[in-house]
Amino acid sequence: MRNNFENKLEELNSNLVSMGEMVNQSLSYALEALNSKDTSHIDFVLQQEPEINQFCSEIESEALLLLLKEQPLARDFRFVSAAIRMNTDMERIGDQAEDIAVLVKQMLDFGYKQRSLGSLTKMSEITQTMVSNAVRAFVEGDSELAYEAAQMDDEVDALFIKVREEVINDIRTETIDANLAIDLLMISKYLERSADHAQNIAEAVVYSITGAVEKFD
């Protein structure tokens, strides 16, 4: 009986790792589309989003069944509970990646040309690193890496404000189309939300390992 339970825990762990890889890839492709104007990257993100949603539902059902049928104790309970939280936040990051991809497609349809993205470039890099490290912290059971990932949220928030200031200045000096300005602001907002979800994942990782309920805000 215990061996069967351990196998189910391992399967849940493996599925969460796969989920993390999927959403990380989607976010990366969406942002690469913004930089390269490669529509195949957009297509990939849009095609993968329904798969992420379906996988999220499967993982949630799997985790809930473990809680209800096996009634795990202590560390195993923490792991399954954290898995449910992480799964939801991973799916939300997939949603943000889709939102970015849709906006980039819209920008390209309206003739978007390569331009300097200012602080948005740095913001996208840090957000991707934050998401990647939060997922890696779970895979490796590394609470220190989870802390490091969570602390990057402050930098993302600061860059969000900077992007907003840069776009407003571009509008004032008439160096950017108003519609493009709105799209860039929305992309920065989606990145900021992705970082928030990565922070939630990091909190869940720490809880699953140490049992401590951390709030990194």
# chains A, B, ... in the order shown; residues from 1 in each chain; ligands from 1
call {"tool": "closest_atom_pairs", "arguments": {"of": "region 171-203 of chain A", "to": "region 81-98 of chain A", "cutoff": "6 Å", "atoms": "only C-alpha atoms", "output": "Markdown table"}}
result
| residue | atom | partner | partner_atom | distance |
| --- | --- | --- | --- | --- |
| A:Tyr190 | CA | A:Gln96 | CA | 5.5 |
| A:Ser194 | CA | A:Ile93 | CA | 5.2 |
| A:His197 | CA | A:Asp89 | CA | 5.2 |
| A:Ile201 | CA | A:Met86 | CA | 5.1 |
call {"tool": "select_by_dssp", "arguments": {"residues": "region 112-217 of chain A", "states": "helix (DSSP H, G or I)", "output": "VMD selection string"}}
result
chain A and resid 119 to 140 143 to 151 153 to 172 178 to 210
call {"tool": "write_last_selection", "arguments": {"atoms": "C-alpha atoms", "output": "PDB file, in the first residue's frame"}}
result
ATOM      1  CA  SER A 119      13.297  48.508 -19.569  1.00  0.00           C
ATOM      2  CA  LEU A 120      10.743  45.996 -20.882  1.00  0.00           C
ATOM      3  CA  THR A 121      13.641  43.901 -22.178  1.00  0.00           C
ATOM      4  CA  LYS A 122      15.247  43.690 -18.742  1.00  0.00           C
ATOM      5  CA  MET A 123      11.863  43.091 -17.133  1.00  0.00           C
ATOM      6  CA  SER A 124      11.178  40.143 -19.432  1.00  0.00           C
ATOM      7  CA  GLU A 125      14.607  38.633 -18.734  1.00  0.00           C
ATOM      8  CA  ILE A 126      14.228  38.854 -14.958  1.00  0.00           C
ATOM      9  CA  THR A 127      10.673  37.508 -15.029  1.00  0.00           C
ATOM     10  CA  GLN A 128      11.763  34.505 -17.098  1.00  0.00           C
ATOM     11  CA  THR A 129      14.641  33.849 -14.694  1.00  0.00           C
ATOM     12  CA  MET A 130      12.302  34.172 -11.734  1.00  0.00           C
ATOM     13  CA  VAL A 131       9.815  31.671 -13.167  1.00  0.00           C
ATOM     14  CA  SER A 132      12.594  29.276 -14.159  1.00  0.00           C
ATOM     15  CA  ASN A 133      14.265  29.441 -10.729  1.00  0.00           C
ATOM     16  CA  ALA A 134      10.997  28.984  -8.853  1.00  0.00           C
ATOM     17  CA  VAL A 135      10.294  25.829 -10.844  1.00  0.00           C
ATOM     18  CA  ARG A 136      13.898  24.626 -10.465  1.00  0.00           C
ATOM     19  CA  ALA A 137      13.693  25.210  -6.710  1.00  0.00           C
ATOM     20  CA  PHE A 138      10.761  22.796  -6.611  1.00  0.00           C
ATOM     21  CA  VAL A 139      12.504  20.213  -8.790  1.00  0.00           C
ATOM     22  CA  GLU A 140      15.667  20.306  -6.685  1.00  0.00           C
ATOM     23  CA  SER A 143      14.430  26.346  -0.354  1.00  0.00           C
ATOM     24  CA  GLU A 144      17.305  28.828  -0.712  1.00  0.00           C
ATOM     25  CA  LEU A 145      16.763  29.058  -4.448  1.00  0.00           C
ATOM     26  CA  ALA A 146      13.054  29.548  -3.773  1.00  0.00           C
ATOM     27  CA  TYR A 147      13.881  32.486  -1.497  1.00  0.00           C
ATOM     28  CA  GLU A 148      16.151  33.971  -4.157  1.00  0.00           C
ATOM     29  CA  ALA A 149      13.477  33.628  -6.822  1.00  0.00           C
ATOM     30  CA  ALA A 150      10.859  35.275  -4.622  1.00  0.00           C
ATOM     31  CA  GLN A 151      13.103  38.241  -3.839  1.00  0.00           C
ATOM     32  CA  ASP A 153       9.775  40.200  -7.501  1.00  0.00           C
ATOM     33  CA  ASP A 154      10.813  43.582  -6.085  1.00  0.00           C
ATOM     34  CA  GLU A 155      13.046  44.172  -9.092  1.00  0.00           C
ATOM     35  CA  VAL A 156      10.256  43.211 -11.474  1.00  0.00           C
ATOM     36  CA  ASP A 157       7.884  45.621  -9.730  1.00  0.00           C
ATOM     37  CA  ALA A 158      10.433  48.434  -9.985  1.00  0.00           C
ATOM     38  CA  LEU A 159      10.940  47.749 -13.678  1.00  0.00           C
ATOM     39  CA  PHE A 160       7.177  47.755 -14.251  1.00  0.00           C
ATOM     40  CA  ILE A 161       7.065  51.319 -12.938  1.00  0.00           C
ATOM     41  CA  LYS A 162      10.053  52.230 -15.107  1.00  0.00           C
ATOM     42  CA  VAL A 163       8.439  50.770 -18.249  1.00  0.00           C
ATOM     43  CA  ARG A 164       5.302  52.765 -17.547  1.00  0.00           C
ATOM     44  CA  GLU A 165       7.319  55.966 -17.183  1.00  0.00           C
ATOM     45  CA  GLU A 166       9.207  55.282 -20.422  1.00  0.00           C
ATOM     46  CA  VAL A 167       6.045  54.608 -22.400  1.00  0.00           C
ATOM     47  CA  ILE A 168       4.342  57.733 -21.040  1.00  0.00           C
ATOM     48  CA  ASN A 169       7.373  59.769 -22.043  1.00  0.00           C
ATOM     49  CA  ASP A 170       7.299  58.243 -25.553  1.00  0.00           C
ATOM     50  CA  ILE A 171       3.633  59.210 -25.870  1.00  0.00           C
ATOM     51  CA  ARG A 172       4.358  62.776 -24.763  1.00  0.00           C
ATOM     52  CA  ALA A 178      -0.736  55.221 -28.866  1.00  0.00           C
ATOM     53  CA  ASN A 179      -2.035  51.715 -29.631  1.00  0.00           C
ATOM     54  CA  LEU A 180       1.476  50.276 -29.481  1.00  0.00           C
ATOM     55  CA  ALA A 181       2.066  52.086 -26.207  1.00  0.00           C
ATOM     56  CA  ILE A 182      -1.018  50.456 -24.675  1.00  0.00           C
ATOM     57  CA  ASP A 183       0.065  47.022 -25.920  1.00  0.00           C
ATOM     58  CA  LEU A 184       3.534  47.417 -24.398  1.00  0.00           C
ATOM     59  CA  LEU A 185       2.031  48.521 -21.088  1.00  0.00           C
ATOM     60  CA  MET A 186      -0.240  45.473 -21.090  1.00  0.00           C
ATOM     61  CA  ILE A 187       2.698  43.176 -21.819  1.00  0.00           C
ATOM     62  CA  SER A 188       4.567  44.663 -18.862  1.00  0.00           C
ATOM     63  CA  LYS A 189       1.480  44.094 -16.708  1.00  0.00           C
ATOM     64  CA  TYR A 190       1.294  40.445 -17.782  1.00  0.00           C
ATOM     65  CA  LEU A 191       4.971  40.060 -16.884  1.00  0.00           C
ATOM     66  CA  GLU A 192       4.361  41.620 -13.486  1.00  0.00           C
ATOM     67  CA  ARG A 193       1.532  39.144 -12.870  1.00  0.00           C
ATOM     68  CA  SER A 194       3.727  36.232 -13.994  1.00  0.00           C
ATOM     69  CA  ALA A 195       6.329  37.303 -11.447  1.00  0.00           C
ATOM     70  CA  ASP A 196       3.640  37.362  -8.745  1.00  0.00           C
ATOM     71  CA  HIS A 197       2.692  33.789  -9.623  1.00  0.00           C
ATOM     72  CA  ALA A 198       6.363  32.768  -9.575  1.00  0.00           C
ATOM     73  CA  GLN A 199       6.596  34.254  -6.097  1.00  0.00           C
ATOM     74  CA  ASN A 200       3.570  32.181  -5.048  1.00  0.00           C
ATOM     75  CA  ILE A 201       5.296  29.063  -6.397  1.00  0.00           C
ATOM     76  CA  ALA A 202       8.406  29.904  -4.379  1.00  0.00           C
ATOM     77  CA  GLU A 203       6.273  30.265  -1.232  1.00  0.00           C
ATOM     78  CA  ALA A 204       4.703  26.857  -1.892  1.00  0.00           C
ATOM     79  CA  VAL A 205       8.144  25.308  -2.392  1.00  0.00           C
ATOM     80  CA  VAL A 206       9.344  26.624   0.963  1.00  0.00           C
ATOM     81  CA  TYR A 207       6.174  25.332   2.643  1.00  0.00           C
ATOM     82  CA  SER A 208       6.528  21.874   1.103  1.00  0.00           C
ATOM     83  CA  ILE A 209      10.133  21.603   2.311  1.00  0.00           C
ATOM     84  CA  THR A 210      10.116  23.335   5.707  1.00  0.00           C
TER      85      THR A 210
END
call {"tool": "atom_distance", "arguments": {"atom1": "CA of Glu6 (chain A)", "atom2": "CA of Gln25 (chain A)"}}
result
28.7 Å
call {"tool": "closest_residue", "arguments": {"among": "A:Met107, A:Leu64, A:Met22, A:Ala30", "to": "Gln48 (chain A)", "atoms": "only C-alpha atoms"}}
result
A:Met22
call {"tool": "residues_around", "arguments": {"residues": "Lys105 (chain A)", "least_positions_apart": "2", "cutoff": "10 Å", "atoms": "only C-alpha atoms", "output": "CSV table (one decimal) with C-alpha atoms, in the first residue's frame"}}
result
chain,number,residue,atom,x,y,z
A,30,ALA,CA,5.9,34.6,-26.2
A,33,ALA,CA,8.1,36.6,-30.5
A,34,LEU,CA,8.1,40.2,-29.3
A,37,LYS,CA,8.6,39.0,-34.7
A,38,ASP,CA,8.6,35.2,-35.3
A,39,THR,CA,4.9,34.2,-35.7
A,42,ILE,CA,3.1,32.8,-31.3
A,43,ASP,CA,1.5,29.8,-32.9
A,99,ASP,CA,-2.1,37.0,-23.4
A,100,ILE,CA,1.4,38.2,-24.4
A,101,ALA,CA,1.4,36.1,-27.5
A,102,VAL,CA,-2.1,37.4,-28.5
A,103,LEU,CA,-0.9,41.0,-28.0
A,107,MET,CA,1.0,44.3,-32.8
A,108,LEU,CA,2.4,42.5,-35.8
A,109,ASP,CA,-0.9,42.6,-37.7
A,110,PHE,CA,-0.9,46.4,-37.3
A,111,GLY,CA,2.7,46.6,-38.7
A,112,TYR,CA,4.8,46.5,-35.5
call {"tool": "atom_distance", "arguments": {"atom1": "CA of Glu32 (chain A)", "atom2": "CA of Asn15 (chain A)"}}
result
25.5 Å
call {"tool": "closest_residue", "arguments": {"among": "A:Ile176, A:Val80, A:Met19, A:Ala74", "to": "Glu62 (chain A)", "atoms": "only C-alpha atoms"}}
result
A:Val80
